[in-house]
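Trainee: I have a structure here, written as structure tokens, and I will follow up with some questions on it.
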Amino acid sequence: MSAGANRTASTTPAPVPALDARLTVDRPGFRLDIALTVAPGEVVALLGPNGAGKTTALRAVAGLVHLSAGHVRLAGTTVDDPTERVWVPPERRGIGVVFQDYLLFPHLSALDNVAFGLRSRGVARQRARAVAAGWLDRVALGHCARRRPRQLSGGQAQRVALARALAVEPTLLLLDEPLAALDAGTRVDTRAELHRHLAAHAGGALVVTHDPLDAAILADRLIVVEDGRIVQAGDAVTITAQPQTDYVARLVGLNLYRGHADGHAVALDNGFKLTVDDRHQGGVFVAFRPAAVALHQFQPEGSPRNVWQATVTGIQHHGDNLRVQLGGPLPAAADITPDAAAQLRLAAGEPVWAAVKATEIRAYASAEPTGTDGSEQERP
Amino acid sequence: MVAVVPALLGLAFLVLPLLGLVIRAPWPTLPERLAEPGVLTALRLSLQTATTATAACLLVGVPLAWVLARTRFPGRQLVRALVTVPMVLPPVVGGVALLLVFGRRGVVGSWLDSTFGVTLPFTTTAVVMAQAFVAMPFLVIAVEGALRGADTRYEEAAATLGAGRWTTFRRVTLPLVAPGVAAGAVLCWARALGEFGATITFAGNFPGRTQTMPVAVYLALETEPEAAIVLSLVLLVVSIAILASLRDKWLTGGSAA
């Protein structure tokens, strides 16, 4: 059961994946259509904005939502395939689910909550309780065994929910926004602990989250879902470096534009022209950090190659700095210090000159979003 | 201020008859009257039949409530309406209906008689049936409401933990709606205890066999008014005890599932 051994094994030609699915769910006004694979021992994050279909995808894998088309195979066994008329109910799928608000049974103690899955599988009460107690110890809650869910803190409830899902040693663990219900302080510790447990879990894990930090820390591989489709997949570093959509760019804090490159010149889709350091031909994304944008009261002279006149449309605090939203020919975000803002006398509606050095702009070829999950990505 | 006078009138109307019962009770002779065999027999029969009827209602009423709350089928609204009919139906009509179906010449009754040699009318079983007929809707409505109010996601969580429908119902759904089931059972029991019209029509009036407290009260009133008052007082005490237990446990802030 050593997870380390399992992880090494999974980098060799993949064994039977813990999850192999193509999920198509049709709802009025919404269509989910994504393909997913999760290797044993692998942690995959489904990242996306609210309403993207992440939770629907998770529920379809769990069997709480029926597929309109496609298939779900768990460890090689088909559990849902509408065209083949195969349907295995949730209770016989061998999965574990951690729900967003945990759904611990309020009338059972923490111990009996964790023992529930084993009891349902026919394990005798004493034996089930002994195993459950072991799991509570593993999440450092042995002393809370007799408490009812309402006597547990948010972080404790999350760990009991995790122990409950893991106690049946599922081939696939599904986690729906496992940290969303926690306050900021509890969240950091719980996230680190969750990471430890996921790493130790021999089966696969699929984490649904809207928080890029959760995804980056918990998962080996990220799949970004928007509007029911996969828009980008890969490891956190790749996605952070080369976002493919506005949503991903905003998540990682970049200004992102699509354009057409001809050498160092890029004509953006909105007509604006940027000069970049990289050489490209054809469709590209260009991206630069808000901190790379310099603001001036008067038109700057000298080195910056990209200068334009913009209008301040909004100013917000962003860490120690201020994030200035710019309107005009190139909508962008700029991060400046409060001192600089005071000198510039920035205010919404005021004109301002913006400049970005060509060396600060990254350009990279745009990959059309596909329906696949990019499972060719090497795992670390 | 305008509301105070009618409100007081309403209150007086509800409370005065009960007070009258207490005031007119033959207090000096109360102990010996209570000890009369007729009173005790009727009381015992009433408690036994009401409890049996409630148990029978639980056995079939909880599954019925589950079907109404959790499944979808054509005509579900109609079924729900039919279930509530005995609540609004005059009990005497219910008794007549029971007699027509389960009577010796009834559709089911004649079959029971010819096949098993069983006759239901004017037996203790008939008392239980009459009580269950009028009281079950109270249980079904209460349990169905509790089931609708319960969070079905707990049932989903149970399913993902490997629990089938029956295990989920037994270990998750039922405990979650237990307060609703208990409240429904108490209402059902109280209604069964007070049943009169259907009972006297379908089960008649045989002391020790079908003469329950309400029937005994009605008959005593014609021959021996004092005895009727004593019997009524006993029923009043039982009713108030039920109401008090309901208030404590389920009506005031007891909604913690």
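Every chain in the structure tokens takes a letter, A first, then B, and so on in the order presented; its residues are numbered from 1, and the ligands are numbered from 1 following the presented order.
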Could you give me the residues within stretch 154-251 of chain B that DSSP places in alpha helix (DSSP H), as a PyMOL selection string?

Mentor: chain B and resi 154-160+165-168+174-193+197-202+213-223+225-246

Trainee: Kindly provide the residues of chain B that approach chain A to within 8 Å, each paired with its closest atom pair and their distance in Å to one decimal, based on only C-alpha atoms, listed by chain and increasing number, as CSV.

Mentor:
```
residue,atom,partner,partner_atom,distance
B:Arg153,CA,A:Leu103,CA,7.3
B:Tyr154,CA,A:Leu103,CA,5.9
B:Glu156,CA,A:Leu64,CA,7.1
B:Ala157,CA,A:Leu103,CA,6.8
B:Ala158,CA,A:Gly117,CA,7.8
B:Ala159,CA,A:Glu91,CA,4.6
B:Thr160,CA,A:Glu91,CA,5.2
B:Leu161,CA,A:Gly117,CA,4.5
B:Gly162,CA,A:Glu91,CA,3.8
B:Ala163,CA,A:Ser120,CA,4.9
B:Gly164,CA,A:Glu91,CA,6.1
B:Thr167,CA,A:Ser120,CA,7.2
B:Val172,CA,A:Phe105,CA,7.2
B:Pro175,CA,A:His107,CA,6.9
B:Leu176,CA,A:His107,CA,7.1
B:Ala257,CA,A:Pro106,CA,7.3
```

Trainee: Which neighbours of A:Leu295 fall inside 7 Å, counting only C-alpha atoms, when residues of the same chain fewer than 5 positions from it are skipped, and could you give them as number ranges by chain?

Mentor: A: 352-355

Trainee: For the residues selected in the previous step, produce a file with C-alpha atoms as an mmCIF file, in the first residue's frame.

Mentor:
```cif
data_model
loop_
_atom_site.group_PDB
_atom_site.id
_atom_site.type_symbol
_atom_site.label_atom_id
_atom_site.label_comp_id
_atom_site.auth_asym_id
_atom_site.auth_seq_id
_atom_site.Cartn_x
_atom_site.Cartn_y
_atom_site.Cartn_z
ATOM 1 C CA VAL A 352 -2.747 58.211 -18.238
ATOM 2 C CA TRP A 353 0.119 56.949 -20.392
ATOM 3 C CA ALA A 354 0.942 53.254 -20.167
ATOM 4 C CA ALA A 355 4.134 51.563 -21.281
#
```

Trainee: Just want the 9 Å neighbourhood of A:Arg31, counted on only C-alpha atoms, with same-chain residues fewer than 6 positions away dropped. Output as a PyMOL selection string.

Mentor: chain A and resi 24-25+53+227-229

Trainee: Go through A:Gly29, A:Ala261, A:Val44, A:Asp101 and flag the residue nearest A:Arg221, using only C-alpha atoms for the distances.

Mentor: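 Ranking A:Gly29, A:Ala261, A:Val44, A:Asp101 by distance to A:Arg221, first place goes to A:Val44.
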
Trainee: Give me, as a PyMOL selection string, all polymer residues having an atom no more than 10 Å from A:Asp339, counting only C-alpha atoms and skipping those fewer than 5 positions away in the same chain.

Mentor: chain A and resi 321-322+344-345

Trainee: For B:Arg80, work out the shell of residues within 10 Å, counting only C-alpha atoms and skipping chain neighbours fewer than 3 positions away, then give it as a VMD selection string.

Mentor: chain B and resid 64 to 65 68 to 69 75 to 77 83 to 85 137 140 to 141

Trainee: Give me, as a PyMOL selection string, all polymer residues having an atom no more than 9 Å from A:Val248, counting only C-alpha atoms and skipping those fewer than 6 positions away in the same chain.

Mentor: chain A and resi 48+212+224+232+239-240+254

Trainee: Could you write out the selected residues, including C-alpha atoms, as a PDB file, in the first residue's frame?

Mentor:
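Below is the file part.pdb, written as the result:
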```
ATOM      1  CA  GLY A  48     -12.983  26.328 -13.538  1.00  0.00           C
ATOM      2  CA  PRO A 212      -6.070  27.865  -8.594  1.00  0.00           C
ATOM      3  CA  VAL A 224      -9.337  23.799 -16.802  1.00  0.00           C
ATOM      4  CA  GLN A 232      -6.543  23.812 -21.099  1.00  0.00           C
ATOM      5  CA  ILE A 239      -0.745  26.591 -17.376  1.00  0.00           C
ATOM      6  CA  THR A 240       0.559  29.510 -15.358  1.00  0.00           C
ATOM      7  CA  LEU A 254      -1.775  38.044 -16.340  1.00  0.00           C
TER       8      LEU A 254
END
```

Trainee: Interatomic distance between atom CA of B:Val238 and atom CA of B:Ala183?

Mentor: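 Rounded to one decimal, the two atoms are 16.0 Å apart.
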
Trainee: Give me, please, the distance in Å between atom CA of A:Leu47 and atom CA of A:Ala292, quoted to one decimal.

Mentor: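 Computed distance, atom CA of A:Leu47 to atom CA of A:Ala292, equals 26.7 Å.
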
Trainee: Could you please write out, as a PyMOL selection string, every residue of stretch 36-105 of chain A that DSSP assigns to strand (DSSP E or B)?

Mentor: chain A and resi 36-38+43-47+69-74+77-81+86-87+95-98

Trainee: Give me, as CSV, the closest atom pair and its distance (Å, one decimal) for every residue of stretch 134-224 of chain B within a cut-off of 10 Å of stretch 21-39 of chain B, counting only C-alpha atoms, rows sorted by chain and rising number.

Mentor:
```
residue,atom,partner,partner_atom,distance
B:Pro207,CA,B:Gly38,CA,7.7
B:Gly208,CA,B:Gly38,CA,8.1
B:Gln211,CA,B:Gly38,CA,9.6
B:Thr212,CA,B:Val39,CA,9.5
B:Met213,CA,B:Val39,CA,7.8
B:Ala216,CA,B:Val39,CA,8.2
B:Val217,CA,B:Val39,CA,9.6
```

Trainee: For a test of reading the model, state the distance in Å between atom CA of B:Ala228 and atom CA of B:Pro214, rounded to one decimal.

Mentor: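 A separation of 9.3 Å between them.
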